[in-house]
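Please read the structure below before turning to the comments.
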Amino acid sequence: MRARLLLAFAALLAVPACLDPIVGTQCAKGYSPCGGKCVAAGTCGIDAGEQADSEQVTMPDGSLGEPEAAEDAEVAETGLAVDGPASADGVQNEVAVTHEDVPALVGLGDAAVPNADAAAAPDGSGPSSDVDNTLVADVDNTPLASDTGVGLLGDDAFTGDLPAADSSLFCVGCLDATDAAGDGPAALPADGGAADDANGDATEADAGWDDAGPLQCAEPLVNCNEECVDLNSDYENCGGCNNICTSSVCLSGTCLICSSEETVCGQQCVNTASDPDNCGGCGVPCSNGLCSNSQCEARGTGRVIVIGHDYLKNRPAMNRILGNAVFLWPNNPVRLLTYQGAANPTAIAGANGAIAQVATATGRLVQRTDVAAADVATQLVATDVFLIYGQEQASDATLSQLGQDWASAMTTFVNLGGTVIVLDGLYPGNVGGVQILSQAALFNIQHNVSTTNAVCTVVSPGDALASGLPKTYRCEQNSVNFTTTEVGPAVTSVVESGTPVVVDKVFF
């Protein structure tokens, strides 16, 4: 009869547990977490110290109980445990969290002490249940019921084990925590123990309790597939969950995208065919700052560059070609010697503007000095780059003579590593400024036809002159292409429109 009344009492206590689900990661007021559910505070029926057995047996006192686990090997539910004194076996009689055996209740009416394997009191009233973390008195240290009726102490003590992890059963007087004095219940944390769990600070209120609810991430991290990620830098979640960057680089929430000629080096796209810091591969620098076609050039390598634009009209891609030519050497500032001669003032301004544009974009400096024809030979000694503007109004005789006068000085200059740049166009009064180079025996090259408004195509993207250029661009006013009988590794056609528009000759 007593056993049936106790089971009925347990069912009444378990009803709120079925009606009150977990809200977020917390339990509603008056309820506490128990085995993954919310149950009425003080009714948690989990045996935190050992696994309960699955079959019930009739105990010597006539109540229902369960046999002990094999490791405990107790004589009987109301008898002494044979596995040793309190805190000795370290296996089965522990209370949750502390994992230590606790002393048995002493006599009738002991208040708020967890029971473990213990002998019955002389009058048979002592506890004999093996339910850990249970309290057998109300919080005011008085019995929950008298010895008459449905008693919980004394002769009427309930002696059956409660199955572990069954939140529909109860443990008498079970509290989530005790107050600082240890003689009463502490208030249930407002978050149901979630804060302790987050801090790794387990207490009796939340021991063994995994908080429910979605993963919460601190800004600027967000939850992607139950992981906290930074959408600004995570290449598998770049700018949004599951947005994977093929380059494996995410910058400010945007995937780094490189062209077919470029390679990802660190967090940038580079052309390893022409990048002096990554020449032929990432992290391969050229000591002299010159890389062409994936090879570092030897120090002292000179060159002659012919560009079929006079910059009477500018376009950004055209500007980049001239800027690249001027800033091939790493000297800063670059010492630039310029010859205006019979060039169109508008074209001169356009060329200077192109150099300034690239200088600003690359953070380079240039020190420009304009020179008269008679002073070129002496000025080249202290020069890095010699630029000849498009000689639109010069005669062929004048241009031929300049080539002869400057031949020796320019040959010495390029052999010492200097760069000569000739801008040219299709002009009605002469056959082009390139005849200066022919007369100086530096480069056998001639005018061909006009390419004004034609499509110019970059055919050697690995050459240093092509760095930063689009694949195609429009050739502007006065543009011209060339023909040459010189072939071989020393001569590279960089841009073409039918025939070369930009040509680079290297002096090894």
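By convention here, the chains of the structure tokens are called A, B, ... in the order presented, each chain's residues are numbered starting at 1, and ligands are numbered starting at 1 in the order presented.
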- Query: What lies within 8 Å of Ala359 of chain A using only C-alpha atoms, ignoring chain neighbours under 6 positions off, as a PyMOL selection string?
  - Reply: chain A and resi 323+365-366
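If you count only C-alpha atoms and ignore residues fewer than 3 places along the chain from Thr499 of chain A, what sits within 7 Å of it is Asn481, Phe482, Thr483 and Glu496 of chain A.
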Export N, CA and C atoms of the chosen residues as an mmCIF file, in the first residue's frame?
```cif
data_model
loop_
_atom_site.group_PDB
_atom_site.id
_atom_site.type_symbol
_atom_site.label_atom_id
_atom_site.label_comp_id
_atom_site.auth_asym_id
_atom_site.auth_seq_id
_atom_site.Cartn_x
_atom_site.Cartn_y
_atom_site.Cartn_z
ATOM 1 N N ASN A 481 52.487 50.577 -85.855
ATOM 2 C CA ASN A 481 53.182 49.328 -85.551
ATOM 3 C C ASN A 481 54.489 49.271 -86.342
ATOM 4 N N PHE A 482 55.307 48.237 -86.073
ATOM 5 C CA PHE A 482 56.667 48.203 -86.627
ATOM 6 C C PHE A 482 56.990 46.830 -87.217
ATOM 7 N N THR A 483 58.037 46.830 -87.969
ATOM 8 C CA THR A 483 58.632 45.579 -88.448
ATOM 9 C C THR A 483 60.112 45.592 -88.089
ATOM 10 N N GLU A 496 50.790 43.840 -79.822
ATOM 11 C CA GLU A 496 50.718 43.784 -81.280
ATOM 12 C C GLU A 496 49.365 44.247 -81.790
#
```
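Using only C-alpha atoms, the shortest contact distance between Ala356 of chain A and any of A:Val385, A:Leu337, A:Leu322, A:Val449 is found at A:Leu322.
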Members of segment 335-430 of chain A assigned strand (DSSP E or B) by DSSP, as a ChimeraX atom specification:
/A:335-339,366-370,385-388,419-423
Need the shell around Val381 of chain A: protein/DNA/RNA residues with any atom at most 12 Å away, counting only C-alpha atoms. Skip same-chain ones fewer than 2 positions apart. Format as a CSV table (one decimal) with N, CA and C atoms, in the first residue's frame?
```
chain,number,residue,atom,x,y,z
A,335,ARG,N,66.1,58.4,-62.1
A,335,ARG,CA,66.7,59.6,-62.8
A,335,ARG,C,66.3,59.5,-64.3
A,336,LEU,N,65.4,60.4,-64.7
A,336,LEU,CA,64.9,60.3,-66.0
A,336,LEU,C,65.4,61.5,-66.8
A,337,LEU,N,66.1,61.2,-67.9
A,337,LEU,CA,66.6,62.3,-68.9
A,337,LEU,C,65.6,62.3,-70.1
A,375,ASP,N,73.8,68.0,-75.3
A,375,ASP,CA,74.2,67.6,-74.0
A,375,ASP,C,73.8,66.1,-73.6
A,376,VAL,N,73.2,65.4,-74.5
A,376,VAL,CA,72.8,64.0,-74.2
A,376,VAL,C,74.0,63.2,-73.8
A,377,ALA,N,75.1,63.2,-74.6
A,377,ALA,CA,76.2,62.3,-74.3
A,377,ALA,C,76.8,62.5,-72.9
A,378,THR,N,76.9,63.7,-72.4
A,378,THR,CA,77.4,64.0,-71.1
A,378,THR,C,76.4,63.7,-70.0
A,379,GLN,N,75.2,63.9,-70.3
A,379,GLN,CA,74.1,63.7,-69.2
A,379,GLN,C,73.8,62.2,-69.0
A,383,THR,N,72.3,59.0,-65.5
A,383,THR,CA,70.9,58.8,-65.8
A,383,THR,C,70.6,57.3,-65.7
A,384,ASP,N,69.3,57.0,-65.3
A,384,ASP,CA,68.8,55.7,-65.3
A,384,ASP,C,68.1,55.4,-66.6
A,385,VAL,N,67.2,56.3,-67.0
A,385,VAL,CA,66.4,56.1,-68.2
A,385,VAL,C,66.4,57.3,-69.1
A,386,PHE,N,66.6,57.1,-70.4
A,386,PHE,CA,66.6,58.1,-71.4
A,386,PHE,C,65.4,58.0,-72.3
A,409,ALA,N,77.5,57.1,-77.1
A,409,ALA,CA,77.1,57.3,-75.7
A,409,ALA,C,75.9,56.4,-75.4
A,410,MET,N,75.0,56.2,-76.3
A,410,MET,CA,73.8,55.3,-76.0
A,410,MET,C,74.3,53.9,-75.9
A,411,THR,N,75.2,53.5,-76.7
A,411,THR,CA,75.7,52.1,-76.7
A,411,THR,C,76.3,51.8,-75.3
A,412,THR,N,77.2,52.7,-74.9
A,412,THR,CA,77.8,52.6,-73.5
A,412,THR,C,76.7,52.6,-72.5
A,413,PHE,N,75.7,53.4,-72.6
A,413,PHE,CA,74.7,53.6,-71.6
A,413,PHE,C,73.9,52.3,-71.4
A,414,VAL,N,73.4,51.6,-72.5
A,414,VAL,CA,72.7,50.4,-72.4
A,414,VAL,C,73.5,49.2,-71.9
A,415,ASN,N,74.8,49.2,-72.3
A,415,ASN,CA,75.7,48.2,-71.9
A,415,ASN,C,76.0,48.2,-70.4
A,416,LEU,N,75.8,49.4,-69.8
A,416,LEU,CA,76.0,49.6,-68.4
A,416,LEU,C,74.6,49.4,-67.6
A,417,GLY,N,73.6,49.0,-68.4
A,417,GLY,CA,72.3,48.7,-67.7
A,417,GLY,C,71.3,49.8,-67.9
A,418,GLY,N,71.5,50.9,-68.6
A,418,GLY,CA,70.6,51.9,-68.8
A,418,GLY,C,69.4,51.5,-69.7
```
